[in-house]
Amino acid sequence: MKRHLLSAGDLTRDDAELLLRTAEELRSLADRPIKKLPALRGRTVVNLFFEDSTRTRISFEAAAKRLSADVINFSAKGSSLSKGESLKDTSLTLEAMGADAVVVRHWASGAPHLLANAGWSKSSVVNAGDGTHEHPTQALLDAFTMWRHLGNLDGRRVAIVGDVLHSRVARSNALLLKTLGAEVTLVAPPTLLPVGVEGWDVETSYDLDAVLPKADVVMMLRVQRERMNAAFFPTVREYSRRYGLDGRRMANLQDHTIVMHPGPMIRGMEITADVADSNRSVIVEQVTNGVAVRMAVLYLLLGGSEPAVGATEGTNL
Amino acid sequence: MSDFLIKGASLLGAEPVDLLLSDGTVAEIGSGLSAAGAEIVDADGLVALPGLVDLHTHLREPGREDAETVETGTQAAAMGGFTAVHAMANTDPVADTAGVVEQVWRLGREAGHCDVQPVGAVTVGLAGERLAELGAMADSAAKVRVFSDDGKCVSDAVLMRRALEYVKAFDGVVAQHAQEPRLTEDAQMNEGELSGRLGLRGWPAVAEEAIIARDCLLAAHVGSRLHVCHVSTAGSVEIVRWAKSKGWNVTAEACPHHLLLTDELAATYDPIYKVNPPLRSATDVEALREGLADGTIDVVATDHAPHPHEDKDCEWQAAAFGMLGLETALSVVQQTMVDTGLLTWRGVAERMSATPARIGRLSGHGRPLEVGEPANVVLYDPAFSKVVDATELASLSRNTPYVGRELPGRVVATFLRGTPTVLDGKLQ
């Protein structure tokens, strides 16, 4: 694996499968009384967040702590647009403090890429979501969740529904799921599909009802109400009618089909409460899996090649 | 003022001749010339071109002297073979009054490295709301003839119409930065497959083409002169070609970076490649080269846009638009147009000297290299080759997109009215 995790597209199939297997081993920790491994003892992980995201931050924090790393949370609100401290100076500061890994969430697409490649620091960089670009650990936890429910993803049909245009989750998922052999269909009104999506090597559809009966996985994306003001769709009501997942549509799914959502959900907009709380929904499990996957990412970027559980130090957990 | 005898220069790429520069003019042209007391310049292997004229330069003074000054910007121009540059109006304060344009013009005269011809803003403060005092700027000592809100588009159709009409009174031209503002809100790079992948907001070609089409129609309707700045798309070339076929008075420029670089460079997320209009596709580059070759695109203009280091050493989205251009323009034109066989040196002289001077109504520039004409001459070594090193540039800023790239050619000497501003590749 590379030294950084910037894009889901950087992962080979071998990398991705190693990550999923490692996550599976690490997930078993969650069922033990002591949920901690010494693997990253003495290593420092910095959560560098230029954008609010409590969920993602605490997920990475829990992951790093369960591997015994020291965790520093650095919330750098504001931006170089508002003439705060520049990304470069922040990076140099973290480097001087001896960060081994920097987990970065940033409002600007490409900011993790810059951190990793500008020569400011030697830390490993993990992209925890950048602008409307990518969110590779979300894609990994989504793939991990699918894998646990469906087994091998070869030939599995995954429908990703909603605001693809502004979604870093959709971009990372499209890349990773292709690598793992799944068939991805992006479903959205034409206004919310990116220009040039025909080059992404995925299917696209404007018709949710046509896609649902064949899907093994339905992943609903968050849609911000404010998009309505920029004419991406006329009203919330019309959006929900055409692209929302409700009980009626859920009835057309195959028996084994699971429903996912990266959160935070807007109940009543892209997904109704009865669907979100149904037994098809794996939304809460995605959160648990998120910690395991992020442990696997940190472990493999910082730790090494030995198996994560049992091999480091003599502790018999 | 000493005389200079240029020995064996290839005049516009033709057979070597000697040129005697005396009293600010070309005094003699011929072979085996000699002149007592004249300083000899060995021009063996060098191409002699008329001094270059840039229709589109940002000198940043007044207001952003941390990025460039008239002094450093005109030094960069001289090093690039330019003897006249048009200084864009988006300074701080904006060049929208006779006072500011006269200040810029005077700073240029004091610097003395090349002539500085100020461009006047079309609207007050570039705000696109009401016309600036165009007539006052035209009547000032700076004798402004080119008006532009460059950096911003005169997007209001009525204002654009009135500006086009109004400047007819003093033979002015409106140079439009064609960018439909609503289609390009927060736009970061060329809209295409790559912008979708990179998650950078797209700047669609149609936002440029729609304005150019509208402006050509407006110019035809009111019978005025339109100049289109930094044409960047294949569609824009088509529209300009169509307008010219109608006999309308439309001219257009292309920038060196749009003739060489493509949007794929944005995948580095290195803002050194962030420019407005953005780098486009290889198809657009091809169309621009063809358009420049067949005369649809009349001139090469640099859009030299200096920015301090911190405005480029940051997130792409936070970074400033723009790249340096003066010192590399001729090299890029050689690589993309001359070495490819698309343009002769005579054609280069047309596109980079005669035509821009004519559009800007600069009487003392862009003249043919003939006896009695002003001695604005550049000697250029096309056989030279170098790797661009930003620290060697005369510009105060370092934001060149060509760092580490090998470019052909070198300006050996630039003469402004018979006086060398550059000699042996060094500023004088």
# chains A, B, ... in the order shown; residues from 1 in each chain; ligands from 1

call {"tool": "closest_atom_pairs", "arguments": {"of": "chain B", "to": "chain A", "cutoff": "12 Å", "atoms": "only C-alpha atoms", "output": "CSV"}}
result
residue,atom,partner,partner_atom,distance
B:Arg182,CA,A:Ala230,CA,10.6
B:Leu183,CA,A:Ala230,CA,11.4
B:Glu185,CA,A:Ala230,CA,11.1
B:Asp186,CA,A:Ala108,CA,11.9
B:Gln188,CA,A:Ser109,CA,10.4
B:Met189,CA,A:Ser109,CA,12.0
B:Asn190,CA,A:Val195,CA,10.8
B:Glu191,CA,A:Val195,CA,7.2
B:Gly192,CA,A:Gly196,CA,5.5
B:Glu193,CA,A:Gly196,CA,3.9
B:Leu194,CA,A:Gly196,CA,7.5
B:Ser195,CA,A:Val195,CA,8.0
B:Gly196,CA,A:Pro194,CA,5.4
B:Arg197,CA,A:His133,CA,7.0
B:Leu198,CA,A:His133,CA,5.5
B:Gly199,CA,A:His133,CA,4.0
B:Leu200,CA,A:Ser109,CA,6.4
B:Arg201,CA,A:Thr132,CA,8.7
B:Gly202,CA,A:Val195,CA,8.5
B:Trp203,CA,A:Val195,CA,11.0
B:Pro204,CA,A:Val195,CA,9.7
B:Ala266,CA,A:Gly110,CA,9.9
B:Ala267,CA,A:Gly110,CA,8.7
B:Thr268,CA,A:His113,CA,8.0
B:Tyr269,CA,A:Gly110,CA,5.8
B:Asp270,CA,A:Leu114,CA,7.4
B:Pro271,CA,A:Leu114,CA,9.9
B:His309,CA,A:Lys88,CA,11.9
B:Glu310,CA,A:Ser86,CA,8.6
B:Asp311,CA,A:Ser80,CA,9.3
B:Lys312,CA,A:Lys88,CA,11.1
B:Asp313,CA,A:Lys88,CA,7.6
B:Cys314,CA,A:Leu87,CA,6.4
B:Glu315,CA,A:Ala111,CA,5.6
B:Trp316,CA,A:Gly110,CA,7.2
B:Gln317,CA,A:Ala108,CA,6.0
B:Ala318,CA,A:Leu81,CA,5.6
B:Ala319,CA,A:Leu81,CA,8.4
B:Ala320,CA,A:Leu81,CA,10.2

call {"tool": "select_by_dssp", "arguments": {"residues": "range 147-181 of chain A", "states": "strand (DSSP E)", "output": "PDB file with N, CA, C and O atoms, in the first residue's frame"}}
result
ATOM      1  N   ARG A 157     -24.794  -5.540  -7.671  1.00  0.00           N
ATOM      2  CA  ARG A 157     -25.277  -4.261  -8.205  1.00  0.00           C
ATOM      3  C   ARG A 157     -25.537  -3.278  -7.070  1.00  0.00           C
ATOM      4  O   ARG A 157     -26.334  -3.546  -6.173  1.00  0.00           O
ATOM      5  N   VAL A 158     -24.850  -2.160  -7.159  1.00  0.00           N
ATOM      6  CA  VAL A 158     -24.972  -1.131  -6.130  1.00  0.00           C
ATOM      7  C   VAL A 158     -25.569   0.137  -6.747  1.00  0.00           C
ATOM      8  O   VAL A 158     -25.008   0.684  -7.708  1.00  0.00           O
ATOM      9  N   ALA A 159     -26.709   0.580  -6.211  1.00  0.00           N
ATOM     10  CA  ALA A 159     -27.306   1.841  -6.680  1.00  0.00           C
ATOM     11  C   ALA A 159     -26.952   2.939  -5.679  1.00  0.00           C
ATOM     12  O   ALA A 159     -27.179   2.790  -4.483  1.00  0.00           O
ATOM     13  N   ILE A 160     -26.354   3.996  -6.187  1.00  0.00           N
ATOM     14  CA  ILE A 160     -26.013   5.150  -5.339  1.00  0.00           C
ATOM     15  C   ILE A 160     -26.929   6.281  -5.781  1.00  0.00           C
ATOM     16  O   ILE A 160     -26.894   6.697  -6.946  1.00  0.00           O
ATOM     17  N   VAL A 161     -27.751   6.749  -4.854  1.00  0.00           N
ATOM     18  CA  VAL A 161     -28.888   7.586  -5.230  1.00  0.00           C
ATOM     19  C   VAL A 161     -28.817   8.957  -4.565  1.00  0.00           C
ATOM     20  O   VAL A 161     -28.706   9.038  -3.336  1.00  0.00           O
TER      21      VAL A 161
END

call {"tool": "residues_around", "arguments": {"residues": "range 19-33 of chain A", "least_positions_apart": "3", "cutoff": "8 Å", "atoms": "only C-alpha atoms", "output": "compact mmCIF listing (two decimals) with N, CA and C atoms, in the first residue's frame"}}
result
# COMPACT_ATOMS: atom_id res chain seq x y z
N ASP A 15 -4.80 -4.27 -2.19
CA ASP A 15 -4.81 -3.32 -1.07
C ASP A 15 -6.17 -3.31 -0.39
N ALA A 16 -7.21 -3.21 -1.22
CA ALA A 16 -8.57 -3.08 -0.68
C ALA A 16 -8.94 -4.34 0.09
N LYS A 36 -8.80 -2.75 23.19
CA LYS A 36 -7.59 -1.99 22.88
C LYS A 36 -6.43 -2.89 22.50
N LEU A 140 -14.51 2.69 2.06
CA LEU A 140 -14.02 1.43 2.61
C LEU A 140 -15.01 0.86 3.63
N PHE A 144 -16.97 -2.57 3.24
CA PHE A 144 -16.83 -3.54 4.32
C PHE A 144 -18.21 -4.01 4.78
N ASN A 289 -18.74 -0.23 11.77
CA ASN A 289 -17.74 -0.67 10.81
C ASN A 289 -16.74 0.44 10.48
N ALA A 292 -13.75 0.16 12.73
CA ALA A 292 -12.89 -0.98 12.37
C ALA A 292 -12.07 -0.68 11.11
N VAL A 293 -12.73 -0.08 10.12
CA VAL A 293 -12.04 0.21 8.86
C VAL A 293 -10.95 1.27 9.08
N ARG A 294 -11.26 2.24 9.89
CA ARG A 294 -10.25 3.30 10.12
C ARG A 294 -9.09 2.77 10.96
N MET A 295 -9.37 1.82 11.85
CA MET A 295 -8.27 1.15 12.55
C MET A 295 -7.38 0.43 11.54
N ALA A 296 -8.02 -0.24 10.60
CA ALA A 296 -7.24 -0.99 9.59
C ALA A 296 -6.39 -0.03 8.76
N VAL A 297 -6.96 1.11 8.39
CA VAL A 297 -6.22 2.08 7.58
C VAL A 297 -5.01 2.60 8.35
N LEU A 300 -2.36 -0.20 8.87
CA LEU A 300 -1.59 -0.57 7.68
C LEU A 300 -0.71 0.57 7.18
N PRO A 307 0.02 -9.50 10.81
CA PRO A 307 -1.40 -9.43 11.17
C PRO A 307 -1.59 -8.48 12.35
N ALA A 308 -2.68 -7.74 12.33
CA ALA A 308 -2.89 -6.70 13.33
C ALA A 308 -3.14 -7.27 14.72
N VAL A 309 -3.89 -8.34 14.79
CA VAL A 309 -4.29 -8.85 16.09
C VAL A 309 -3.34 -9.97 16.53

call {"tool": "residues_around", "arguments": {"residues": "Val122 in chain B", "least_positions_apart": "5", "cutoff": "9 Å", "atoms": "only C-alpha atoms", "output": "ChimeraX atom specification"}}
result
/B:89,96,128,130-134,147-149,154,160,163,174

call {"tool": "write_last_selection", "arguments": {"atoms": "N, CA and C atoms", "output": "PDB file, in the first residue's frame"}}
result
ATOM      1  N   ALA B  89      -6.532  47.321 -16.328  1.00  0.00           N
ATOM      2  CA  ALA B  89      -7.091  48.358 -15.448  1.00  0.00           C
ATOM      3  C   ALA B  89      -7.419  47.868 -14.039  1.00  0.00           C
ATOM      4  N   ASP B  96      -9.818  53.732 -13.654  1.00  0.00           N
ATOM      5  CA  ASP B  96     -11.099  54.132 -14.251  1.00  0.00           C
ATOM      6  C   ASP B  96     -11.245  55.659 -14.329  1.00  0.00           C
ATOM      7  N   GLY B 128     -19.320  46.968 -13.149  1.00  0.00           N
ATOM      8  CA  GLY B 128     -20.320  46.578 -14.141  1.00  0.00           C
ATOM      9  C   GLY B 128     -21.644  47.300 -13.994  1.00  0.00           C
ATOM     10  N   ARG B 130     -21.972  51.308 -14.029  1.00  0.00           N
ATOM     11  CA  ARG B 130     -22.086  52.486 -14.891  1.00  0.00           C
ATOM     12  C   ARG B 130     -20.742  52.750 -15.569  1.00  0.00           C
ATOM     13  N   LEU B 131     -20.813  53.423 -16.717  1.00  0.00           N
ATOM     14  CA  LEU B 131     -19.609  53.658 -17.505  1.00  0.00           C
ATOM     15  C   LEU B 131     -18.628  54.554 -16.750  1.00  0.00           C
ATOM     16  N   ALA B 132     -17.349  54.212 -16.823  1.00  0.00           N
ATOM     17  CA  ALA B 132     -16.307  55.111 -16.338  1.00  0.00           C
ATOM     18  C   ALA B 132     -16.171  56.263 -17.336  1.00  0.00           C
ATOM     19  N   GLU B 133     -15.418  57.284 -16.956  1.00  0.00           N
ATOM     20  CA  GLU B 133     -15.254  58.425 -17.875  1.00  0.00           C
ATOM     21  C   GLU B 133     -14.269  58.060 -18.980  1.00  0.00           C
ATOM     22  N   LEU B 134     -14.788  57.335 -19.957  1.00  0.00           N
ATOM     23  CA  LEU B 134     -13.947  56.808 -21.032  1.00  0.00           C
ATOM     24  C   LEU B 134     -13.322  57.943 -21.842  1.00  0.00           C
ATOM     25  N   PHE B 147     -10.238  49.750 -23.793  1.00  0.00           N
ATOM     26  CA  PHE B 147     -10.996  49.777 -22.541  1.00  0.00           C
ATOM     27  C   PHE B 147     -11.426  48.350 -22.181  1.00  0.00           C
ATOM     28  N   SER B 148     -11.205  47.999 -20.911  1.00  0.00           N
ATOM     29  CA  SER B 148     -11.533  46.632 -20.515  1.00  0.00           C
ATOM     30  C   SER B 148     -11.773  46.548 -19.016  1.00  0.00           C
ATOM     31  N   ASP B 149     -12.756  45.736 -18.637  1.00  0.00           N
ATOM     32  CA  ASP B 149     -12.960  45.406 -17.225  1.00  0.00           C
ATOM     33  C   ASP B 149     -12.256  44.094 -16.896  1.00  0.00           C
ATOM     34  N   VAL B 154     -17.967  42.446 -18.748  1.00  0.00           N
ATOM     35  CA  VAL B 154     -19.079  43.391 -18.848  1.00  0.00           C
ATOM     36  C   VAL B 154     -20.279  42.544 -19.277  1.00  0.00           C
ATOM     37  N   MET B 160     -22.738  46.898 -22.199  1.00  0.00           N
ATOM     38  CA  MET B 160     -21.779  46.509 -23.236  1.00  0.00           C
ATOM     39  C   MET B 160     -22.116  47.218 -24.549  1.00  0.00           C
ATOM     40  N   ALA B 163     -21.092  50.871 -24.207  1.00  0.00           N
ATOM     41  CA  ALA B 163     -19.633  51.034 -24.223  1.00  0.00           C
ATOM     42  C   ALA B 163     -19.107  50.927 -25.649  1.00  0.00           C
ATOM     43  N   VAL B 174     -13.393  48.086 -27.155  1.00  0.00           N
ATOM     44  CA  VAL B 174     -13.694  47.417 -25.889  1.00  0.00           C
ATOM     45  C   VAL B 174     -13.114  46.016 -25.953  1.00  0.00           C
TER      46      VAL B 174
END

call {"tool": "atom_distance", "arguments": {"atom1": "CA of Val53 in chain B", "atom2": "CA of Val403 in chain B"}}
result
24.2 Å

call {"tool": "closest_residue", "arguments": {"among": "A:Leu92, A:Val202, A:Leu40, A:Ala174", "to": "Val71 in chain A", "atoms": "only C-alpha atoms"}}
result
A:Leu40

call {"tool": "select_by_dssp", "arguments": {"residues": "range 46-220 of chain B", "states": "helix (DSSP H, G or I)", "output": "MDAnalysis selection string"}}
result
chainID B and resid 70:79 98:111 124:126 134:139 157:170 182:184 193:198 205:220

call {"tool": "closest_residue", "arguments": {"among": "B:Ala243, B:Gln179, B:Asp263, B:Pro408", "to": "Val231 in chain B", "atoms": "only C-alpha atoms"}}
result
B:Gln179

call {"tool": "atom_distance", "arguments": {"atom1": "CA of Thr400 in chain B", "atom2": "CA of His257 in chain B"}}
result
9.9 Å

call {"tool": "residues_around", "arguments": {"residues": "His261 in chain A", "least_positions_apart": "4", "cutoff": "7 Å", "atoms": "only C-alpha atoms", "output": "MDAnalysis selection string"}}
result
chainID A and resid 219:221 283

call {"tool": "atom_distance", "arguments": {"atom1": "CA of Pro213 in chain A", "atom2": "CA of Arg237 in chain A"}}
result
23.3 Å

call {"tool": "residues_around", "arguments": {"residues": "range 274-281 of chain B", "least_positions_apart": "6", "cutoff": "7 Å", "atoms": "only C-alpha atoms", "output": "list in words"}}
result
Met189, Asn190, Ser232, Thr233, His258, Leu261, Thr262, Asp263, Phe321, Gly322 and Met323 of chain B

call {"tool": "write_last_selection", "arguments": {"atoms": "N, CA, C and O atoms", "output": "mmCIF file, in the first residue's frame"}}
result
data_model
loop_
_atom_site.group_PDB
_atom_site.id
_atom_site.type_symbol
_atom_site.label_atom_id
_atom_site.label_comp_id
_atom_site.auth_asym_id
_atom_site.auth_seq_id
_atom_site.Cartn_x
_atom_site.Cartn_y
_atom_site.Cartn_z
ATOM 1 N N MET B 189 -11.962 25.284 -12.597
ATOM 2 C CA MET B 189 -11.186 24.717 -13.709
ATOM 3 C C MET B 189 -12.142 24.408 -14.859
ATOM 4 O O MET B 189 -13.358 24.488 -14.690
ATOM 5 N N ASN B 190 -11.577 24.048 -16.003
ATOM 6 C CA ASN B 190 -12.386 23.694 -17.160
ATOM 7 C C ASN B 190 -13.424 22.643 -16.793
ATOM 8 O O ASN B 190 -13.115 21.652 -16.149
ATOM 9 N N SER B 232 -10.211 30.873 -25.319
ATOM 10 C CA SER B 232 -9.634 29.624 -24.804
ATOM 11 C C SER B 232 -10.304 28.360 -25.317
ATOM 12 O O SER B 232 -9.842 27.263 -25.026
ATOM 13 N N THR B 233 -11.399 28.474 -26.058
ATOM 14 C CA THR B 233 -12.086 27.244 -26.470
ATOM 15 C C THR B 233 -12.227 27.140 -27.990
ATOM 16 O O THR B 233 -12.239 28.149 -28.706
ATOM 17 N N HIS B 258 -2.518 28.958 -23.134
ATOM 18 C CA HIS B 258 -3.625 28.215 -23.745
ATOM 19 C C HIS B 258 -3.201 27.524 -25.042
ATOM 20 O O HIS B 258 -3.920 26.670 -25.554
ATOM 21 N N LEU B 261 -0.613 24.385 -22.713
ATOM 22 C CA LEU B 261 -0.963 23.577 -21.539
ATOM 23 C C LEU B 261 -2.426 23.137 -21.576
ATOM 24 O O LEU B 261 -3.267 23.826 -22.144
ATOM 25 N N THR B 262 -2.724 21.995 -20.939
ATOM 26 C CA THR B 262 -4.101 21.503 -20.906
ATOM 27 C C THR B 262 -4.582 21.301 -19.475
ATOM 28 O O THR B 262 -3.793 21.304 -18.526
ATOM 29 N N ASP B 263 -5.897 21.108 -19.357
ATOM 30 C CA ASP B 263 -6.542 21.010 -18.045
ATOM 31 C C ASP B 263 -6.064 19.819 -17.228
ATOM 32 O O ASP B 263 -6.287 19.780 -16.014
ATOM 33 N N PHE B 321 -6.146 33.244 -9.387
ATOM 34 C CA PHE B 321 -6.060 32.881 -10.800
ATOM 35 C C PHE B 321 -4.908 33.647 -11.447
ATOM 36 O O PHE B 321 -4.709 34.835 -11.162
ATOM 37 N N GLY B 322 -4.184 32.998 -12.344
ATOM 38 C CA GLY B 322 -3.238 33.747 -13.166
ATOM 39 C C GLY B 322 -1.836 33.185 -13.157
ATOM 40 O O GLY B 322 -1.421 32.519 -12.207
ATOM 41 N N MET B 323 -1.116 33.442 -14.248
ATOM 42 C CA MET B 323 0.254 32.973 -14.392
ATOM 43 C C MET B 323 1.109 34.021 -15.109
ATOM 44 O O MET B 323 0.589 34.842 -15.858
#

call {"tool": "closest_residue", "arguments": {"among": "B:Glu290, B:Asp424, B:Glu264, B:Asp389", "to": "Gly341 in chain B", "atoms": "only C-alpha atoms"}}
result
B:Glu290
